[in-house]
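Q: Contents of start27.tsv (TSV, C-alpha atoms) are below:
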```tsv
chain	number	residue	atom	x	y	z
A	8	MET	CA	1.14	3.93	-75.17
A	9	SER	CA	3.21	4.30	-72.03
A	10	SER	CA	0.67	2.75	-69.65
A	11	LEU	CA	1.58	-0.84	-70.53
A	12	PRO	CA	5.29	-0.69	-69.62
A	13	HIS	CA	4.37	1.26	-66.49
A	14	THR	CA	1.99	-1.48	-65.32
A	15	LYS	CA	4.62	-4.05	-66.19
A	16	ARG	CA	7.19	-2.24	-64.06
A	17	SER	CA	4.77	-2.03	-61.11
A	18	PHE	CA	4.03	-5.71	-61.49
A	19	ARG	CA	7.73	-6.56	-61.42
A	20	MET	CA	8.20	-4.37	-58.34
A	21	ALA	CA	5.30	-6.12	-56.63
A	22	ILE	CA	6.80	-9.53	-57.41
A	23	LEU	CA	10.08	-8.39	-55.88
A	24	LEU	CA	8.50	-6.72	-52.84
A	25	ALA	CA	6.10	-9.53	-52.01
A	26	PRO	CA	8.69	-11.96	-50.60
A	27	VAL	CA	10.41	-9.14	-48.73
A	28	LEU	CA	7.19	-7.92	-47.16
A	29	GLY	CA	5.98	-11.46	-46.63
A	30	GLY	CA	9.28	-12.32	-44.98
A	31	VAL	CA	9.09	-9.38	-42.60
A	32	VAL	CA	5.45	-10.00	-41.71
A	33	GLY	CA	5.93	-13.76	-41.47
A	34	LEU	CA	9.08	-13.57	-39.39
A	35	GLY	CA	7.43	-10.93	-37.21
A	36	ALA	CA	4.37	-13.10	-36.69
A	37	PHE	CA	6.52	-16.13	-35.97
A	38	THR	CA	8.65	-14.21	-33.47
A	39	PHE	CA	5.53	-12.80	-31.81
A	40	HIS	CA	4.07	-16.29	-31.55
A	41	TYR	CA	7.33	-17.95	-30.52
A	42	GLY	CA	8.00	-15.22	-27.92
A	43	GLU	CA	4.49	-15.72	-26.54
A	44	GLY	CA	3.78	-12.08	-27.36
A	45	LEU	CA	0.08	-12.31	-26.62
A	46	SER	CA	0.73	-13.48	-23.07
A	47	TYR	CA	2.10	-10.02	-22.22
A	48	PHE	CA	-1.30	-8.49	-22.80
A	49	SER	CA	-2.64	-10.62	-19.94
A	50	LYS	CA	-2.03	-10.14	-16.24
A	51	ASP	CA	-1.05	-13.76	-15.69
A	52	PRO	CA	2.12	-13.82	-13.53
A	53	ARG	CA	3.39	-16.78	-15.52
A	54	ALA	CA	3.92	-14.39	-18.41
A	55	CYS	CA	6.37	-12.39	-16.31
A	56	ALA	CA	8.19	-15.57	-15.41
A	57	ASN	CA	8.50	-16.56	-19.09
A	58	CYS	CA	11.91	-15.12	-18.70
A	59	HIS	CA	13.88	-17.40	-16.41
A	60	ILE	CA	15.58	-14.65	-14.41
A	61	MET	CA	12.26	-14.00	-12.69
A	62	GLN	CA	12.07	-17.57	-11.41
A	63	SER	CA	13.21	-16.79	-7.84
A	64	GLU	CA	10.71	-13.95	-7.48
A	65	TYR	CA	7.96	-16.04	-9.01
A	66	ASP	CA	8.68	-19.03	-6.76
A	67	SER	CA	8.64	-17.00	-3.54
A	68	TRP	CA	5.51	-15.13	-4.65
A	69	THR	CA	3.63	-18.42	-5.21
A	70	LYS	CA	4.63	-19.47	-1.67
A	71	GLY	CA	3.60	-16.17	-0.12
A	72	PRO	CA	0.21	-14.81	0.96
A	73	HIS	CA	0.03	-12.27	-1.87
A	74	HIS	CA	-0.53	-14.83	-4.58
A	75	GLY	CA	-4.15	-15.01	-3.44
A	76	THR	CA	-4.77	-11.28	-3.81
A	77	ALA	CA	-2.15	-9.45	-5.86
A	78	ARG	CA	-0.37	-10.36	-9.08
A	79	CYS	CA	2.86	-8.95	-10.48
A	80	VAL	CA	1.13	-6.16	-12.38
A	81	ASP	CA	-0.80	-4.97	-9.32
A	82	CYS	CA	2.44	-3.76	-7.74
A	83	HIS	CA	4.79	-3.32	-10.69
A	84	LEU	CA	2.57	-1.41	-13.15
A	85	PRO	CA	0.33	1.64	-12.92
A	86	HIS	CA	-3.34	0.77	-12.48
A	87	ASP	CA	-4.95	3.14	-14.96
A	88	PHE	CA	-5.44	1.77	-18.46
A	89	LEU	CA	-3.38	4.22	-20.50
A	90	ARG	CA	-0.34	4.32	-18.25
A	91	LYS	CA	-0.45	0.56	-17.76
A	92	TYR	CA	-0.31	-0.16	-21.49
A	93	LEU	CA	2.27	2.57	-22.08
A	94	ALA	CA	4.48	0.89	-19.48
A	95	LYS	CA	3.81	-2.51	-21.05
A	96	ALA	CA	4.70	-1.20	-24.49
A	97	ASP	CA	7.88	0.44	-23.23
A	98	ASN	CA	8.95	-2.71	-21.40
A	99	GLY	CA	7.94	-4.92	-24.29
A	100	TYR	CA	10.07	-2.95	-26.72
A	101	ARG	CA	13.10	-3.12	-24.43
A	102	HIS	CA	12.64	-6.81	-23.70
A	103	SER	CA	12.36	-7.66	-27.40
A	104	LYS	CA	15.41	-5.59	-28.23
A	105	GLY	CA	17.39	-6.93	-25.30
A	106	PHE	CA	16.65	-10.57	-25.93
A	107	THR	CA	17.13	-10.28	-29.69
A	108	LEU	CA	20.46	-8.47	-29.60
A	109	LEU	CA	21.50	-9.87	-26.19
A	110	ASP	CA	23.01	-6.49	-25.40
A	111	PHE	CA	21.82	-6.09	-21.80
A	112	HIS	CA	24.05	-5.87	-18.76
A	113	GLU	CA	24.88	-9.11	-16.92
A	114	PRO	CA	23.76	-9.47	-14.21
A	115	ILE	CA	20.60	-7.68	-15.26
A	116	GLN	CA	20.06	-4.23	-13.74
A	117	SER	CA	17.11	-1.96	-13.35
A	118	ARG	CA	17.25	1.31	-15.24
A	119	PRO	CA	16.02	4.77	-14.27
A	120	SER	CA	12.36	5.29	-15.02
A	121	ARG	CA	12.38	7.51	-18.11
A	122	THR	CA	8.69	7.50	-18.80
A	123	LYS	CA	7.81	7.83	-15.12
A	124	THR	CA	4.95	5.49	-15.76
A	125	ALA	CA	5.89	2.64	-13.50
A	126	ARG	CA	4.65	2.67	-9.96
A	127	ILE	CA	7.60	0.59	-8.86
A	128	ARG	CA	10.51	-0.66	-10.88
A	129	SER	CA	12.47	-3.79	-10.41
A	130	PRO	CA	13.81	-3.53	-6.89
A	131	ALA	CA	17.12	-5.13	-7.88
A	132	SER	CA	19.72	-2.43	-7.66
A	133	THR	CA	23.16	-1.83	-6.30
A	134	ALA	CA	24.59	1.28	-4.70
A	135	THR	CA	25.96	2.44	-8.04
A	136	THR	CA	22.83	1.84	-10.05
A	137	ARG	CA	20.73	3.41	-7.33
A	138	ARG	CA	22.58	6.67	-7.87
A	139	ARG	CA	21.42	6.61	-11.46
A	140	TRP	CA	17.81	6.63	-10.44
A	141	ARG	CA	16.39	9.98	-11.35
A	142	CYS	CA	14.03	9.91	-8.40
A	143	ALA	CA	16.46	8.39	-5.91
A	144	SER	CA	15.83	9.47	-2.36
A	145	PRO	CA	18.65	11.74	-1.18
A	146	ASP	CA	18.56	10.50	2.41
A	147	ARG	CA	19.14	6.91	1.32
A	148	ASP	CA	21.85	7.53	-1.20
A	149	SER	CA	24.18	9.79	0.72
B	410	MET	CA	-3.59	7.95	-5.07
B	411	ILE	CA	-6.77	9.66	-3.83
B	412	GLY	CA	-5.63	9.23	-0.24
B	413	ILE	CA	-2.02	10.28	-0.56
B	414	ARG	CA	-3.02	13.27	-2.72
B	415	ALA	CA	-5.47	14.43	-0.05
B	416	LEU	CA	-2.74	14.01	2.56
B	417	ALA	CA	-0.33	16.06	0.44
B	418	GLU	CA	-2.92	18.83	0.14
B	419	SER	CA	-3.45	18.91	3.92
B	420	ALA	CA	-1.21	20.90	6.25
B	421	GLU	CA	-0.17	17.85	8.29
B	422	PRO	CA	3.62	17.52	8.52
B	423	THR	CA	4.90	14.31	6.92
B	424	PRO	CA	8.58	14.21	7.83
B	425	HIS	CA	8.88	10.56	6.78
B	426	LEU	CA	7.60	11.35	3.27
B	427	ALA	CA	10.06	13.93	1.98
B	428	SER	CA	8.52	14.10	-1.49
B	429	ILE	CA	5.30	15.50	-0.03
B	430	THR	CA	7.24	18.19	1.82
B	431	ARG	CA	9.07	18.99	-1.44
B	432	TRP	CA	5.84	19.12	-3.43
B	433	ARG	CA	4.26	21.45	-0.87
B	434	ALA	CA	7.23	23.81	-1.06
B	435	GLY	CA	7.01	23.85	-4.86
B	436	ARG	CA	4.64	25.68	-7.17
B	437	ARG	CA	1.96	22.98	-7.04
B	438	GLU	CA	1.09	23.34	-10.71
B	439	GLN	CA	0.26	19.63	-10.85
B	440	PRO	CA	-1.49	17.75	-8.05
B	441	TYR	CA	0.82	15.53	-5.99
B	442	ASP	CA	1.33	12.26	-7.85
B	443	PRO	CA	3.16	9.48	-5.98
B	444	ASN	CA	4.15	7.87	-9.31
B	445	VAL	CA	5.89	11.06	-10.40
B	446	ASP	CA	6.90	12.86	-7.21
B	447	GLY	CA	7.61	9.92	-4.92
B	448	SER	CA	11.19	8.81	-4.38
B	449	ARG	CA	12.17	5.25	-5.14
B	450	GLN	CA	12.47	4.50	-1.43
B	451	GLU	CA	8.99	5.94	-0.79
B	452	MET	CA	7.62	3.81	-3.63
B	453	ARG	CA	8.82	0.76	-1.72
B	454	SER	CA	6.20	1.67	0.90
B	455	PHE	CA	3.56	3.32	-1.33
B	456	VAL	CA	3.24	0.12	-3.30
B	457	CYS	CA	2.07	-1.63	-0.11
B	458	GLY	CA	-0.03	1.37	0.92
B	459	GLN	CA	-2.25	0.81	-2.12
B	460	CYS	CA	-4.04	-1.82	-0.05
B	461	HIS	CA	-2.63	-1.91	3.50
B	462	VAL	CA	-4.38	1.24	4.66
B	463	GLU	CA	-7.56	2.51	6.29
B	464	TYR	CA	-10.39	3.23	3.86
B	465	TYR	CA	-14.12	2.94	3.39
B	466	CYS	CA	-15.30	0.74	0.55
B	467	GLY	CA	-18.86	-0.06	1.44
B	468	PRO	CA	-22.32	0.21	-0.04
B	469	LYS	CA	-23.29	3.56	1.44
B	470	THR	CA	-20.89	5.89	-0.36
B	471	THR	CA	-18.04	5.73	-2.88
B	472	LEU	CA	-14.58	4.58	-1.92
B	473	PHE	CA	-12.57	7.10	0.07
B	474	PHE	CA	-9.45	7.32	2.21
B	475	PRO	CA	-9.79	9.31	5.45
B	476	TRP	CA	-6.42	11.04	5.16
B	477	ARG	CA	-7.57	14.61	4.64
B	478	LYS	CA	-6.36	15.69	8.07
B	479	GLY	CA	-3.40	13.39	8.57
B	480	LEU	CA	-2.51	9.78	9.28
B	481	ARG	CA	-2.94	9.56	13.07
B	482	VAL	CA	-5.84	7.75	14.66
B	483	GLU	CA	-7.58	10.97	15.87
B	484	GLN	CA	-7.11	12.67	12.51
B	485	ILE	CA	-8.69	9.75	10.69
B	486	GLU	CA	-11.50	9.77	13.23
B	487	ASP	CA	-11.99	13.53	12.67
B	488	ASP	CA	-12.17	12.93	8.94
B	489	TYR	CA	-14.77	10.19	9.41
B	490	ASP	CA	-16.76	12.40	11.82
B	491	ASP	CA	-16.79	15.21	9.24
B	492	THR	CA	-17.88	12.88	6.44
B	493	LYS	CA	-21.54	12.67	5.55
B	494	PHE	CA	-23.30	9.97	3.58
B	495	PRO	CA	-25.27	11.17	0.54
B	496	ASP	CA	-28.39	11.16	2.75
B	497	GLY	CA	-26.71	13.64	5.12
B	498	HIS	CA	-26.16	11.18	7.97
B	499	ARG	CA	-22.80	11.30	9.77
B	500	PHE	CA	-20.41	8.55	8.65
B	501	TYR	CA	-20.41	5.25	10.54
B	502	ASP	CA	-19.63	1.62	9.70
B	503	TRP	CA	-22.15	-0.26	11.84
B	504	THR	CA	-24.59	0.14	14.71
B	505	HIS	CA	-23.87	-1.60	17.99
B	506	ALA	CA	-26.87	-3.81	18.82
B	507	GLU	CA	-26.76	-3.44	22.63
B	508	THR	CA	-25.95	0.24	22.98
B	509	GLY	CA	-27.28	1.65	19.69
B	510	ALA	CA	-24.02	3.53	19.09
B	511	GLU	CA	-22.99	4.18	15.52
B	512	VAL	CA	-19.37	3.03	15.53
B	513	LEU	CA	-16.38	2.79	13.20
B	514	LYS	CA	-14.57	-0.28	11.92
B	515	ALA	CA	-10.85	-0.17	11.22
B	516	GLN	CA	-9.62	-2.00	8.12
B	517	HIS	CA	-5.88	-2.68	8.20
B	518	PRO	CA	-4.09	0.61	8.87
B	519	GLU	CA	-0.52	-0.67	8.48
B	520	PHE	CA	0.70	2.29	6.43
B	521	GLU	CA	-0.74	4.72	8.96
B	522	MET	CA	0.75	2.93	11.99
B	523	TRP	CA	4.14	2.50	10.29
B	524	SER	CA	4.03	6.26	9.59
B	525	GLN	CA	4.09	6.96	13.35
B	526	GLY	CA	7.06	4.70	14.06
B	527	ILE	CA	10.82	4.99	14.26
B	528	HIS	CA	11.39	2.85	11.17
B	529	ALA	CA	9.40	5.19	8.93
B	530	ARG	CA	11.16	8.21	10.42
B	531	SER	CA	14.51	6.55	9.70
B	532	GLY	CA	13.65	6.04	6.04
B	533	VAL	CA	13.00	2.31	6.26
B	534	ALA	CA	10.38	1.14	3.78
B	535	CYS	CA	7.98	-1.82	4.08
B	536	ALA	CA	9.97	-3.77	1.52
B	537	ASP	CA	13.22	-3.35	3.46
B	538	CYS	CA	12.00	-5.69	6.21
B	539	HIS	CA	9.21	-7.64	4.52
B	540	MET	CA	11.01	-8.29	1.22
B	541	PRO	CA	14.69	-8.50	2.21
B	542	TYR	CA	17.30	-9.04	-0.46
B	543	LYS	CA	19.31	-12.16	-0.91
B	544	ARG	CA	22.12	-12.88	-3.29
B	545	GLU	CA	21.79	-15.51	-5.98
B	546	GLY	CA	25.01	-15.68	-7.89
B	547	ALA	CA	25.71	-12.19	-9.12
B	548	ALA	CA	22.12	-10.99	-8.82
B	549	LYS	CA	20.24	-9.50	-5.90
B	550	VAL	CA	16.77	-10.95	-5.49
B	551	SER	CA	14.18	-9.41	-3.23
B	552	ASP	CA	12.08	-11.93	-1.34
B	553	HIS	CA	8.60	-12.00	-2.88
B	554	TRP	CA	7.30	-14.29	-0.16
B	555	VAL	CA	6.49	-11.08	1.79
B	556	ARG	CA	6.02	-12.29	5.33
B	557	SER	CA	6.92	-11.52	8.92
B	558	PRO	CA	10.51	-10.28	9.22
B	559	LEU	CA	10.81	-12.57	12.26
B	560	THR	CA	10.98	-15.54	9.90
B	561	ASN	CA	14.14	-14.07	8.43
B	562	VAL	CA	15.83	-11.98	11.12
B	563	ALA	CA	19.27	-12.33	9.57
B	564	ARG	CA	18.31	-10.58	6.34
B	565	ALA	CA	15.39	-8.48	7.55
B	566	CYS	CA	16.86	-6.95	10.75
B	567	GLN	CA	20.54	-7.72	11.07
B	568	THR	CA	21.49	-5.76	7.96
B	569	CYS	CA	20.97	-2.67	10.18
B	570	HIS	CA	20.87	-3.98	13.78
B	571	PRO	CA	24.16	-5.64	14.73
B	572	TYR	CA	22.81	-7.80	17.53
B	573	ALA	CA	22.30	-11.52	18.03
B	574	GLU	CA	19.21	-13.00	16.42
B	575	ALA	CA	17.82	-14.10	19.80
B	576	GLU	CA	18.26	-10.57	21.18
B	577	ILE	CA	16.39	-9.01	18.24
B	578	ALA	CA	13.58	-11.56	18.44
B	579	ALA	CA	13.31	-10.94	22.20
B	580	ARG	CA	12.94	-7.16	21.62
B	581	VAL	CA	10.14	-7.70	19.15
B	582	GLU	CA	8.47	-10.16	21.48
B	583	ALA	CA	8.65	-7.69	24.38
B	584	ILE	CA	6.94	-4.99	22.27
B	585	GLN	CA	4.27	-7.37	21.03
B	586	ASN	CA	3.60	-8.84	24.48
B	587	ARG	CA	3.15	-5.36	25.95
B	588	THR	CA	0.80	-4.37	23.15
B	589	ARG	CA	-1.14	-7.60	23.57
B	590	ALA	CA	-1.47	-7.06	27.34
B	591	LEU	CA	-2.68	-3.47	26.80
B	592	MET	CA	-5.15	-4.70	24.20
B	593	GLN	CA	-6.58	-7.16	26.73
B	594	ARG	CA	-6.92	-4.38	29.33
B	595	SER	CA	-8.52	-2.20	26.73
B	596	ALA	CA	-10.97	-4.92	25.70
B	597	SER	CA	-11.95	-5.58	29.35
B	598	ALA	CA	-12.65	-1.89	29.83
B	599	LEU	CA	-14.62	-1.84	26.57
B	600	THR	CA	-16.85	-4.80	27.43
B	601	ALA	CA	-17.48	-3.39	30.93
B	602	MET	CA	-18.57	-0.13	29.27
B	603	LEU	CA	-20.80	-1.91	26.75
B	604	ASP	CA	-22.55	-3.82	29.54
B	605	VAL	CA	-23.43	-0.71	31.59
B	606	ILE	CA	-24.48	1.38	28.60
B	607	GLY	CA	-26.64	-1.56	27.47
B	608	GLU	CA	-28.21	-1.78	30.93
B	609	ALA	CA	-28.84	1.96	31.05
B	610	ARG	CA	-30.52	1.73	27.65
B	611	LYS	CA	-32.68	-1.18	28.77
B	612	ALA	CA	-33.61	0.75	31.89
B	613	GLY	CA	-35.05	3.41	29.59
B	614	ALA	CA	-32.33	6.03	29.23
B	615	THR	CA	-33.21	8.48	26.47
B	616	ASP	CA	-31.18	8.88	23.28
B	617	ALA	CA	-30.24	12.37	24.48
B	618	ALA	CA	-28.89	10.98	27.76
B	619	LEU	CA	-27.06	8.20	25.94
B	620	ALA	CA	-25.54	10.46	23.27
B	621	PRO	CA	-22.38	11.46	25.19
B	622	LEU	CA	-21.84	7.84	26.26
B	623	ARG	CA	-22.22	6.62	22.68
B	624	ALA	CA	-19.75	9.27	21.56
B	625	LEU	CA	-17.24	7.93	24.09
B	626	GLN	CA	-17.94	4.36	22.97
B	627	ARG	CA	-17.28	5.33	19.35
B	628	LYS	CA	-13.92	6.80	20.37
B	629	ALA	CA	-12.92	3.90	22.64
B	630	GLN	CA	-13.92	1.19	20.19
B	631	TRP	CA	-12.28	2.92	17.22
B	632	ARG	CA	-8.97	3.14	19.08
B	633	LEU	CA	-8.92	-0.47	20.27
B	634	ASP	CA	-9.94	-1.66	16.82
B	635	PHE	CA	-7.29	0.49	15.15
B	636	VAL	CA	-4.53	-1.33	17.06
B	637	ALA	CA	-6.19	-4.75	16.90
B	638	ALA	CA	-6.88	-4.60	13.15
B	639	GLU	CA	-3.37	-3.35	12.39
B	640	ASN	CA	-1.20	-6.33	11.57
B	641	SER	CA	1.94	-5.79	13.63
B	642	MET	CA	0.76	-6.18	17.23
B	643	GLY	CA	2.11	-2.71	17.94
B	644	PHE	CA	5.53	-3.25	16.42
B	645	HIS	CA	5.19	-0.73	13.57
B	646	ALA	CA	4.91	2.07	16.18
B	647	PRO	CA	5.12	0.74	19.76
B	648	ALA	CA	4.67	4.00	21.67
B	649	GLU	CA	1.85	5.12	19.38
B	650	ALA	CA	0.02	1.79	19.83
B	651	ALA	CA	0.36	2.09	23.62
B	652	ARG	CA	-0.86	5.70	23.53
B	653	ILE	CA	-3.90	4.76	21.47
B	654	LEU	CA	-4.79	1.89	23.81
B	655	ALA	CA	-4.33	4.08	26.89
B	656	ASP	CA	-6.79	6.58	25.37
B	657	SER	CA	-9.17	3.73	24.55
B	658	ILE	CA	-9.13	2.49	28.16
B	659	ASP	CA	-9.74	6.02	29.42
B	660	TYR	CA	-12.71	6.63	27.07
B	661	SER	CA	-14.22	3.25	28.00
B	662	ARG	CA	-13.94	3.95	31.72
B	663	GLN	CA	-15.30	7.50	31.29
B	664	ALA	CA	-18.33	6.09	29.52
B	665	GLU	CA	-18.74	3.35	32.11
B	666	THR	CA	-18.68	5.92	34.92
B	667	GLY	CA	-21.11	8.11	33.01
B	668	ALA	CA	-23.51	5.20	32.49
B	669	ARG	CA	-23.38	4.29	36.18
B	670	LEU	CA	-24.16	7.89	37.15
B	671	LEU	CA	-27.04	7.84	34.69
B	672	ALA	CA	-28.43	4.67	36.28
B	673	ALA	CA	-28.04	6.13	39.80
B	674	ALA	CA	-29.71	9.45	38.98
B	675	PRO	CA	-33.52	9.63	39.09
B	676	ALA	CA	-35.04	9.59	35.63
B	677	PRO	CA	-35.89	13.11	34.42
B	678	ALA	CA	-39.54	14.01	34.17
B	679	GLY	CA	-41.05	12.94	30.84
B	680	ALA	CA	-38.34	10.36	30.14
B	681	SER	CA	-39.66	7.45	28.16
B	682	ARG	CA	-39.87	4.21	30.08
```
Here is the file; what I need is its structure written in the form of structure tokens.

A:
Amino acid sequence: MSSLPHTKRSFRMAILLAPVLGGVVGLGAFTFHYGEGLSYFSKDPRACANCHIMQSEYDSWTKGPHHGTARCVDCHLPHDFLRKYLAKADNGYRHSKGFTLLDFHEPIQSRPSRTKTARIRSPASTATTRRRWRCASPDRDS
Amino acid sequence: MIGIRALAESAEPTPHLASITRWRAGRREQPYDPNVDGSRQEMRSFVCGQCHVEYYCGPKTTLFFPWRKGLRVEQIEDDYDDTKFPDGHRFYDWTHAETGAEVLKAQHPEFEMWSQGIHARSGVACADCHMPYKREGAAKVSDHWVRSPLTNVARACQTCHPYAEAEIAARVEAIQNRTRALMQRSASALTAMLDVIGEARKAGATDAALAPLRALQRKAQWRLDFVAAENSMGFHAPAEAARILADSIDYSRQAETGARLLAAAPAPAGASR
């Protein structure tokens, strides 16, 4: 019968695949935990300041009057559910990629809004990067 | 979004918001969406205009922004006057206890006042003055303290205005002192009006006789409140603030005169006492 060797082969494949799959899932879970992945589902401003380059903005925001009424996401993300989580997903992907491969520009720069989901992007920009904004205002950039 | 979309769909010129002008000239297949159509520089004001605007968010009807006719004080008033509660009653915020007038209450119309000023017309956004940049090493950081530009004249004003800090502060102070003085004049006129209308009412003036006076009170009080509730003491649009207060004083004095004439005239036959 051919069924026995076939089962045997599947079993061997499973034995081989298990550590690979387990490794991917385990490493993924560890990275997610270590990177405080869950915190990005919240609207806690401390999550935005996880990354040290936001420290200046975070510090001045805690000093200012807005910390009583508006958090980071109230100004920097769309308010409606779908667009908010789309923007979070987009940013999350880029952050993970950037901080894993460390391939982002130093000093960090804002990029043109491709998804057009964000209500306002990082205001940090120079004259040259501002030109790259798809929606840059012509009267400011001339 | 509801407010700015209604503004875009109105015919009111908005020279300081070029994206609205562009959207109007286009095919209008999609409704105006500030997140899509707005320029980056406009977003630096729109983001503040999500809260720092005039709106009604009370128990009597659902949230709305009175921008369907434009952003000026009379246009907002017109919009409110045209708005009806679900029970059919004309829109009002509260009833004045002494005169019985149904009056309006301004929230914090910073975006609207800024829209009438020279800074808006010159393409200067809220964040330019209230969140000025500073350099930290190689990075530009915008100030998230978000406070009065007077606390940081060097970065908030002097990036455009090449004058001494004391000179700039003195200009702002002059504008704010003038606005403050006009507000005081306006408030004196308003209280004088309230007193005589209240007396006329006590003396038995009918609702019909009081109606034109109450209408003037609504106008006068709305204008004074619009400037007083706006958080720049006139600076966001100095000439506009002065114009609004001048109108307020005039409406108050018109109503005061009207109430005095009413008191002097013999009561019409059949008037309730």

Q: Within 8 Å of chain A, which residues belong to chain B? Use only C-alpha atoms and report them as a PyMOL selection string.

A: chain B and resi 444-453+456-457+532+547-556

Q: For Glu511 (chain B), please output as a VMD selection string all residues within 7 Å (counting all atoms listed in the file; exclusion window: fewer than 6 positions along the same chain).

A: chain B and resid 501 503 to 505 627

Q: So which residues fall inside 8 Å of (-11.9, -3.1, 23.9) if we count all atoms listed in the file? Mind giving them as an NGL selection string?

A: :B and (592-600 or 629-630 or 633-634 or 657-658 or 661)

Q: If you measure from CA of Ala638 (chain B) to CA of Arg589 (chain B), what distance in Å do you get, rounded to one decimal?

A: 12.3 Å

Q: Any idea what the distance is between CA of Arg530 (chain B) and CA of Asp487 (chain B)?

A: 23.9 Å

Q: Which of these residues is nearest to Ala536 (chain B), using only C-alpha atoms: B:Cys566, B:Ala672, B:Ile411, B:Ala664?

A: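 Smallest distance to Ala536 (chain B) is found for B:Cys566.
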
Q: In Å, with one decimal, what is the gap from CA of Arg414 (chain B) to CA of Tyr489 (chain B)?

A: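 A separation of 17.2 Å between them.
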
Q: Missing atoms in region 592-597 of chain B should be modelled up to all heavy atoms and reported as an mmCIF file, in the coordinates of the input.

A:
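Wrote it out as selection.cif, contents follow:
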```cif
data_model
loop_
_atom_site.group_PDB
_atom_site.id
_atom_site.type_symbol
_atom_site.label_atom_id
_atom_site.label_comp_id
_atom_site.auth_asym_id
_atom_site.auth_seq_id
_atom_site.Cartn_x
_atom_site.Cartn_y
_atom_site.Cartn_z
ATOM 1 N N MET B 592 -3.930 -4.433 24.974
ATOM 2 C CA MET B 592 -5.150 -4.700 24.200
ATOM 3 C C MET B 592 -6.170 -5.450 25.051
ATOM 4 O O MET B 592 -7.369 -5.169 24.996
ATOM 5 C CB MET B 592 -4.827 -5.515 22.946
ATOM 6 C CG MET B 592 -4.660 -4.654 21.708
ATOM 7 S SD MET B 592 -3.994 -5.597 20.324
ATOM 8 C CE MET B 592 -5.207 -6.879 20.150
ATOM 9 N N GLN B 593 -5.684 -6.402 25.847
ATOM 10 C CA GLN B 593 -6.580 -7.160 26.730
ATOM 11 C C GLN B 593 -7.225 -6.228 27.755
ATOM 12 O O GLN B 593 -8.433 -6.302 28.005
ATOM 13 C CB GLN B 593 -5.812 -8.275 27.456
ATOM 14 C CG GLN B 593 -5.159 -9.298 26.537
ATOM 15 C CD GLN B 593 -6.170 -10.237 25.897
ATOM 16 O OE1 GLN B 593 -7.366 -10.009 25.969
ATOM 17 N NE2 GLN B 593 -5.676 -11.281 25.249
ATOM 18 N N ARG B 594 -6.393 -5.332 28.335
ATOM 19 C CA ARG B 594 -6.920 -4.380 29.330
ATOM 20 C C ARG B 594 -7.977 -3.490 28.680
ATOM 21 O O ARG B 594 -9.028 -3.197 29.240
ATOM 22 C CB ARG B 594 -5.792 -3.494 29.867
ATOM 23 C CG ARG B 594 -4.731 -4.232 30.632
ATOM 24 C CD ARG B 594 -5.197 -4.608 32.016
ATOM 25 N NE ARG B 594 -5.284 -3.494 32.933
ATOM 26 C CZ ARG B 594 -4.292 -3.094 33.721
ATOM 27 N NH1 ARG B 594 -3.153 -3.720 33.689
ATOM 28 N NH2 ARG B 594 -4.459 -2.078 34.555
ATOM 29 N N SER B 595 -7.657 -3.084 27.478
ATOM 30 C CA SER B 595 -8.520 -2.200 26.730
ATOM 31 C C SER B 595 -9.856 -2.890 26.403
ATOM 32 O O SER B 595 -10.930 -2.285 26.504
ATOM 33 C CB SER B 595 -7.759 -1.903 25.455
ATOM 34 O OG SER B 595 -8.126 -0.815 24.832
ATOM 35 N N ALA B 596 -9.760 -4.171 26.047
ATOM 36 C CA ALA B 596 -10.970 -4.920 25.700
ATOM 37 C C ALA B 596 -11.823 -5.168 26.939
ATOM 38 O O ALA B 596 -13.061 -5.128 26.870
ATOM 39 C CB ALA B 596 -10.592 -6.253 25.048
ATOM 40 N N SER B 597 -11.186 -5.404 28.105
ATOM 41 C CA SER B 597 -11.950 -5.580 29.350
ATOM 42 C C SER B 597 -12.710 -4.306 29.673
ATOM 43 O O SER B 597 -13.893 -4.345 30.029
ATOM 44 C CB SER B 597 -11.014 -5.900 30.524
ATOM 45 O OG SER B 597 -10.263 -7.030 30.229
#
```
